[in-house]
Structure formats: structure tokens, C-alpha cells
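As C-alpha cells, the structure follows; a few thoughts come after it.
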Protein chains: 2
Amino acid sequence: MPEYKPVQPLFQWERATIEIFVRAANMVGLPRSIGEIYGLLFCSELPLTFDELVDRLQISKGSVSQGLKLLRQLGAVRLHYVPGSRKDHFEPELSMKRLVKGFVKDQFSPHLESGEQSLQQIETMIENEADSSGRDHAQARLSKLRSWQKRTQKLVPIIMAVLGGAQFLESPEMTKGRREVV
Amino acid sequence: MPEYKPVQPLFQWERATIEIFVRAANMVGLPRSIGEIYGLLFCSELPLTFDELVDRLQISKGSVSQGLKLLRQLGAVRLHYVPGSRKDHFEPELSMKRLVKGFVKDQFSPHLESGEQSLQQIETMIENEADSSGRDHAQARLSKLRSWQKRTQKLVPIIMAVLGGAQFLESPEMTKGRREVV
DNA sequence: CATTAATTTCAAAACTATTTGAACTAAATG
DNA sequence: CATTTAGTTCAAATAGTTTTGAAATTAATG
């Protein structure tokens, strides 16, 4: 009896597509396995189970478990209920806007918020320790940091707007009767 | 004679500011040393030399050399000529727009372009290997990838526009007589 | 042109992040 | 309620990245 049962080996186009997601994951600082899991779900016509991911990607259960956990947290993967099956089935989020939103909310915004705290503290430090000559320069740099932070904060809703629903930029009547682009 | 000469230890506000840049670097996938070097230059009123970076940050010459190399490549640090000194002096780029532009051009756009190639190849793979049933679905997913790519490409100039000069979005008369925001 | 100074290079070391898989928990089945 | 199945956890192994520092290179000085 054979040791491995490579259930449904990947098609070439699937491997190539998964590779794109692995690179994309890498670019935004997420591990390879995340790209592999999302990539295979993206390729698949039907929701896949835990086992199918393990078997077809040939990665460990641990990786799949942790990977799915993070992907669900990011809103990039949803549970799809299949009547009459004990197993969980997973399907990918296919709206670019929602994917980006989930990523930003989870991995980006928290840093931005804690940054606001840090800037406040730096202000105090400058007041306490710089002599009057150095203080002007230090305060100028702090202002610059603050302006960068503000502009970054403004950018987020604009990106979201360009990617779809435009809730942040548009007044209600602008979206009247418009279908969401996903 | 002491082994180390900790020339000009860092002020608390400098350490805290550098920490912000270390975190920012980390967030965009750049090593800590990059954040430290840029951070100290950002804090400093005057351009700093190689040695000053080594001494004040207490990191190796190798790190500073490689770090400055990448930062110059990104356009985040410039050489500042000081008459009568053999040493190179470095100063930070302080325009957020130029910083982002340099980063995008160097670390982001290349991936986006090579991605275009990959999609072309995937199209061929689908034509060759999928049976007519699977082909429809695969082609639908390829279309989605293409639409994501297009939207990402559109996003870059919009971000640049929001960050400053707006060369990509605006017609020439819109910028008439306007000073660049940095 | 020999000497000193400034910077770069790169192999090895240190460090960090990811993956694995065996042990475990939880939940369904008969 | 014992057994099987599904999925999670986490410590150890592996893989990947960054830093170090000694040697090499390049450029300036006397």
C-alpha cells in the first residue's frame, strides 16, 4: 500500500496561479503557506475541505490549520456550510475591495493607531530634554512625522473608494442605484 | 584607552523616533538597520557621515554600507557634498511623495510587471490542459486576476496624486502656478 | 608611489520566521 | 460511552534573512 496518496495533483495553470499568490503574499509579508492555501481555493470551482488542502498542496496539517485561521481573520476565506458533511468547507473571498479592507484593518491600521501614541510621547520627550536650540529642529521633524501620519490616514479611505464602494468619499446620492463592483 | 567611544549617545526622542522608522521599515518588509539609518538621518539637523552612523547606532560597518546602498537606490537618502571633507555625508529625503515613489518603483512595480507575463502564460496553460468544462471556470478566474491587476496599476498613480504633485490625474492647467507640496 | 583613510564585499554567525508532526481536544457516530 | 473523525496546538526542526567583521578594494594625501 502506497505511503502517499496525492489526491488530484495540481494542474499546471493551478500551480502557476498559486505561485502568483505566493509571490503576492510574500510581497505583503505573509508566509508562503497563506499564498498557497488562498491560491488553491481561488483556483477551485467548489469549496475545499481541510484535507483536500493538505493533500493537494502537500503541506502539513499544522500549516493548513494556522493558515486558514489567519485567512479567516483577514476575511480572505469564509466557511461554507455543506449539509450532510462533518467537514468544514472553505471558499475564498473574491472581492478585491474586501480583501484589501480586511488586510488593512488587521495588519495596518493597528500600527497606524499605536503610532499616534508614540508621537504624543515624543512630543513630551522633546520638551523635556532638548535645549532650546535643538528643540526647534526636533519639533519641526515631529511636525513632519505628524503630517505623514495624517496623509497616510487619508489615503486608506481613498484606496478603498477606488477599489469599490466609495463609502468614504461619496455623498449618498452619488451611489444611488449603483451595483457594487467586486 | 577605552575600546569603544560612544560618540554622541542618542537622545530619548531620537531613540523613540528611530523606533518608529524601524517599525515602519518592518511593516514594508525592510530590515531593521534600514529603519535605524533612515531614522537617525531624519532626526539629525545636519547630514551625517558613515562613521557617525556606525558610532551612534552601534551597528556594523557592513550594515551601514548595505543599508545606505539600498536607501540611495530607493531615493530615500542622498549624498550631500561637504567641501573639504573626504567623507561622504548623507541626508534624508523628506518628501513623503518621493519616498513612496522610490519605494514603489523599486520594490513594487517590477513585481506588477512580471505578473503581467505570468498571466499571459497562464492563459496558454488553460487552453492547453483544461477540458472544456473546467476551461470556462479557469478562464473566469484568470479574468478576475487580470481585473485585479488593472485596478492595482490604476491605484499607484492615484496614490501618488494624493501624496502630492498629481501629475498622473490632473490636466496641465490644473497645476498652473501651484507649488509642490512635499 | 607608498601610506593612510573611506568604503565595500562576502562568508560565516546570529537571529527570526515558518513549517512540521506528534500529541491533544472536541465533537459526531454507532 | 467507546470509537472514530476533524481540527488545533505547540515544541522542535528547518528554512530564510539579517548582521557582523575581517579582508579586499578604492580613492585621497603627502
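Convention: chains lettered A, B, ... in C-alpha cells order; per-chain residue numbering from 1; ligands numbered from 1 as shown.
Omitting segment 35-47 of chain A and its sequence neighbours fewer than 5 positions away, and counting only C-alpha atoms (C1' of nucleotides), the residues within 6 Å are Ile18, Phe21, Val22, Ala25, His89, Phe90, Glu91 and Pro92 of chain A.
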With chain A as the partner and 8 Å as the cut-off, tabulate the residues of chain C that qualify, each row holding the nearest pair of atoms and their distance in Å to one decimal, using only C-alpha atoms (C1' of nucleotides), sorted by chain and rising number, as JSON lines.
```
{"residue": "C:DT18", "atom": "C1'", "partner": "A:Pro31", "partner_atom": "CA", "distance": 7.1}
{"residue": "C:DT19", "atom": "C1'", "partner": "A:Ser63", "partner_atom": "CA", "distance": 6.5}
{"residue": "C:DT20", "atom": "C1'", "partner": "A:Ser60", "partner_atom": "CA", "distance": 6.3}
{"residue": "C:DG21", "atom": "C1'", "partner": "A:Ser60", "partner_atom": "CA", "distance": 7.7}
{"residue": "C:DA28", "atom": "C1'", "partner": "A:Arg86", "partner_atom": "CA", "distance": 7.8}
```
### Task
Identify every residue of chain D that has at least one atom within 9 Å of any atom of chain A, counting only C-alpha atoms (C1' of nucleotides), and report the result as a list in words.
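Those within range of chain A come out as DT5, DA6, DG7, DT8 and DT9 of chain D.
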So that I have them on file, write out the residues from the current selection with C-alpha atoms (C1' of nucleotides), as a PDB file, in the first residue's frame.
```
ATOM      1  C1'  DT D   5     -13.088  11.568  12.707  1.00  0.00           C
ATOM      2  C1'  DA D   6     -11.948  16.602  12.360  1.00  0.00           C
ATOM      3  C1'  DG D   7      -9.212  20.002  13.590  1.00  0.00           C
ATOM      4  C1'  DT D   8      -5.890  22.510  16.874  1.00  0.00           C
ATOM      5  C1'  DT D   9      -1.770  23.254  19.477  1.00  0.00           C
TER       6       DT D   9
END
```
Contacts between chain A and chain B, please, where a residue of chain B counts if it comes within 9 Å (with only C-alpha atoms); show its shortest atom pair and distance in Å to one decimal, rows by chain and ascending number, as a Markdown table.
```
| residue | atom | partner | partner_atom | distance |
| --- | --- | --- | --- | --- |
| B:Phe11 | CA | A:Glu129 | CA | 7.7 |
| B:Gln12 | CA | A:Met125 | CA | 6.6 |
| B:Trp13 | CA | A:Met125 | CA | 5.4 |
| B:Glu14 | CA | A:Ile122 | CA | 8.5 |
| B:Ala16 | CA | A:Ile122 | CA | 6.6 |
| B:Thr17 | CA | A:Ile122 | CA | 7.2 |
| B:Ile20 | CA | A:Gly115 | CA | 7.3 |
| B:Arg23 | CA | A:His111 | CA | 8.5 |
| B:Ala24 | CA | A:His111 | CA | 8.6 |
| B:Met27 | CA | A:Gly29 | CA | 7.9 |
| B:Val28 | CA | A:Val28 | CA | 7.3 |
| B:Gly29 | CA | A:Gly29 | CA | 6.4 |
| B:Phe42 | CA | A:Arg141 | CA | 7.5 |
| B:Cys43 | CA | A:Arg141 | CA | 6.9 |
| B:Ser44 | CA | A:Ala138 | CA | 8.5 |
| B:Glu45 | CA | A:His137 | CA | 6.8 |
| B:Leu94 | CA | A:Lys144 | CA | 8.4 |
| B:Met96 | CA | A:Trp148 | CA | 6.8 |
| B:Gln107 | CA | A:Met27 | CA | 8.8 |
| B:Phe108 | CA | A:Met27 | CA | 8.1 |
| B:His111 | CA | A:Arg23 | CA | 8.5 |
| B:Gly115 | CA | A:Ile20 | CA | 7.3 |
| B:Ser118 | CA | A:Ala16 | CA | 7.6 |
| B:Leu119 | CA | A:Thr17 | CA | 8.2 |
| B:Gln121 | CA | A:Ala16 | CA | 8.5 |
| B:Ile122 | CA | A:Trp13 | CA | 5.5 |
| B:Glu123 | CA | A:Trp13 | CA | 8.0 |
| B:Thr124 | CA | A:Trp13 | CA | 8.5 |
| B:Met125 | CA | A:Trp13 | CA | 5.4 |
| B:Ile126 | CA | A:Trp13 | CA | 5.9 |
| B:Glu129 | CA | A:Phe11 | CA | 7.7 |
| B:Ala130 | CA | A:Phe11 | CA | 8.3 |
| B:Gly134 | CA | A:Glu45 | CA | 8.5 |
| B:His137 | CA | A:Glu45 | CA | 6.8 |
| B:Ala138 | CA | A:Cys43 | CA | 7.0 |
| B:Arg141 | CA | A:Cys43 | CA | 6.9 |
| B:Leu142 | CA | A:Thr17 | CA | 8.6 |
| B:Lys144 | CA | A:Leu94 | CA | 8.4 |
| B:Trp148 | CA | A:Met96 | CA | 6.8 |
| B:Arg151 | CA | A:Leu163 | CA | 7.3 |
| B:Thr152 | CA | A:Leu163 | CA | 8.7 |
| B:Lys154 | CA | A:Val162 | CA | 8.8 |
| B:Leu155 | CA | A:Ile159 | CA | 7.2 |
| B:Ile158 | CA | A:Ile159 | CA | 8.4 |
| B:Ile159 | CA | A:Leu155 | CA | 7.2 |
| B:Val162 | CA | A:Leu155 | CA | 7.3 |
| B:Leu163 | CA | A:Arg151 | CA | 7.2 |
```
Generate the output file for the selected residues, C-alpha atoms, as a PDB file, in the first residue's frame.
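Okay, selection_6.pdb is ready:
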```
ATOM      1  CA  PHE B  11      18.622  61.416  22.865  1.00  0.00           C
ATOM      2  CA  GLN B  12      15.483  59.766  24.076  1.00  0.00           C
ATOM      3  CA  TRP B  13      13.386  61.476  21.404  1.00  0.00           C
ATOM      4  CA  GLU B  14      15.820  60.250  18.777  1.00  0.00           C
ATOM      5  CA  ALA B  16      11.827  56.878  20.023  1.00  0.00           C
ATOM      6  CA  THR B  17      11.746  58.370  16.531  1.00  0.00           C
ATOM      7  CA  ILE B  20       9.028  54.451  14.641  1.00  0.00           C
ATOM      8  CA  ARG B  23       8.587  49.615  12.803  1.00  0.00           C
ATOM      9  CA  ALA B  24       7.677  51.286   9.530  1.00  0.00           C
ATOM     10  CA  MET B  27       5.896  46.884   8.005  1.00  0.00           C
ATOM     11  CA  VAL B  28       7.020  47.277   4.405  1.00  0.00           C
ATOM     12  CA  GLY B  29       9.436  44.351   4.623  1.00  0.00           C
ATOM     13  CA  PHE B  42      15.731  62.028   9.791  1.00  0.00           C
ATOM     14  CA  CYS B  43      16.405  63.187  13.337  1.00  0.00           C
ATOM     15  CA  SER B  44      19.671  64.850  12.557  1.00  0.00           C
ATOM     16  CA  GLU B  45      19.851  68.535  11.757  1.00  0.00           C
ATOM     17  CA  LEU B  94      11.961  64.389   3.392  1.00  0.00           C
ATOM     18  CA  MET B  96       6.771  61.677   1.521  1.00  0.00           C
ATOM     19  CA  GLN B 107      10.053  47.193  -4.789  1.00  0.00           C
ATOM     20  CA  PHE B 108       6.566  47.077  -6.212  1.00  0.00           C
ATOM     21  CA  HIS B 111       6.522  42.526  -9.491  1.00  0.00           C
ATOM     22  CA  GLY B 115       2.910  39.477 -13.111  1.00  0.00           C
ATOM     23  CA  SER B 118       2.705  35.240 -15.775  1.00  0.00           C
ATOM     24  CA  LEU B 119      -0.937  35.896 -16.591  1.00  0.00           C
ATOM     25  CA  GLN B 121       1.419  32.189 -19.631  1.00  0.00           C
ATOM     26  CA  ILE B 122      -1.481  31.018 -17.529  1.00  0.00           C
ATOM     27  CA  GLU B 123      -3.826  31.781 -20.380  1.00  0.00           C
ATOM     28  CA  THR B 124      -1.869  29.392 -22.577  1.00  0.00           C
ATOM     29  CA  MET B 125      -1.823  26.700 -19.922  1.00  0.00           C
ATOM     30  CA  ILE B 126      -5.574  26.853 -19.566  1.00  0.00           C
ATOM     31  CA  GLU B 129      -4.772  21.487 -20.456  1.00  0.00           C
ATOM     32  CA  ALA B 130      -8.289  22.092 -19.247  1.00  0.00           C
ATOM     33  CA  GLY B 134     -13.004  23.236 -16.484  1.00  0.00           C
ATOM     34  CA  HIS B 137     -14.163  28.365 -14.822  1.00  0.00           C
ATOM     35  CA  ALA B 138     -10.414  28.711 -15.159  1.00  0.00           C
ATOM     36  CA  ARG B 141     -10.634  33.212 -12.608  1.00  0.00           C
ATOM     37  CA  LEU B 142      -7.963  34.442 -14.974  1.00  0.00           C
ATOM     38  CA  LYS B 144     -10.567  38.192 -12.228  1.00  0.00           C
ATOM     39  CA  TRP B 148      -7.223  42.910 -10.019  1.00  0.00           C
ATOM     40  CA  ARG B 151      -7.013  48.057 -10.650  1.00  0.00           C
ATOM     41  CA  THR B 152      -3.730  47.805  -8.796  1.00  0.00           C
ATOM     42  CA  LYS B 154      -4.561  52.325 -11.606  1.00  0.00           C
ATOM     43  CA  LEU B 155      -4.110  52.716  -7.884  1.00  0.00           C
ATOM     44  CA  ILE B 158      -3.812  57.843  -7.667  1.00  0.00           C
ATOM     45  CA  ILE B 159      -1.797  57.316  -4.511  1.00  0.00           C
ATOM     46  CA  VAL B 162      -2.983  62.196  -3.299  1.00  0.00           C
ATOM     47  CA  LEU B 163       0.546  62.413  -1.927  1.00  0.00           C
TER      48      LEU B 163
END
```
### Task
Any chance you could list, as number ranges by chain, the residues in chain B that come up helix (DSSP H, G or I) when DSSP is run on the backbone?
B: 12-27, 32-43, 50-57, 61-73, 96-129, 132-162, 172-175
### Query
From the set C:DA23, C:DA5, C:DA11, C:DA17, which residue has the shortest atom-to-atom contact distance to DT14 of chain D, counting only C-alpha atoms (C1' of nucleotides)?
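For DT14 of chain D, the nearest of the given residues is C:DA17.
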### Query
In Å, how far is it from atom CA of Pro9 of chain A to atom CA of Gln73 of chain A?
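Atom CA of Pro9 of chain A sits 28.4 Å away from atom CA of Gln73 of chain A.
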### Task
Do a neighbour search on Gln8 of chain A at 9 Å with only C-alpha atoms (C1' of nucleotides), toss out local chain neighbours closer than 6 positions, and write the hits as a ChimeraX atom specification.
/A:52,55-56
Just-selected residues, C-alpha atoms written as a compact mmCIF listing (two decimals), in the first residue's frame:
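Listed below is the output, result_39.txt:
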```txt
# COMPACT_ATOMS: atom_id res chain seq x y z
CA GLU A 52 -8.12 18.50 0.32
CA ASP A 55 -3.42 16.57 0.18
CA ARG A 56 -3.32 18.72 -2.90
```
### Å distance separating atom C1' of DA22 of chain D from atom CA of Arg78 of chain B, one decimal place
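Result for atom C1' of DA22 of chain D versus atom CA of Arg78 of chain B: 28.3 Å, one decimal.
Atom CA of Val64 of chain A lies 17.9 Å from atom C1' of DA11 of chain D.
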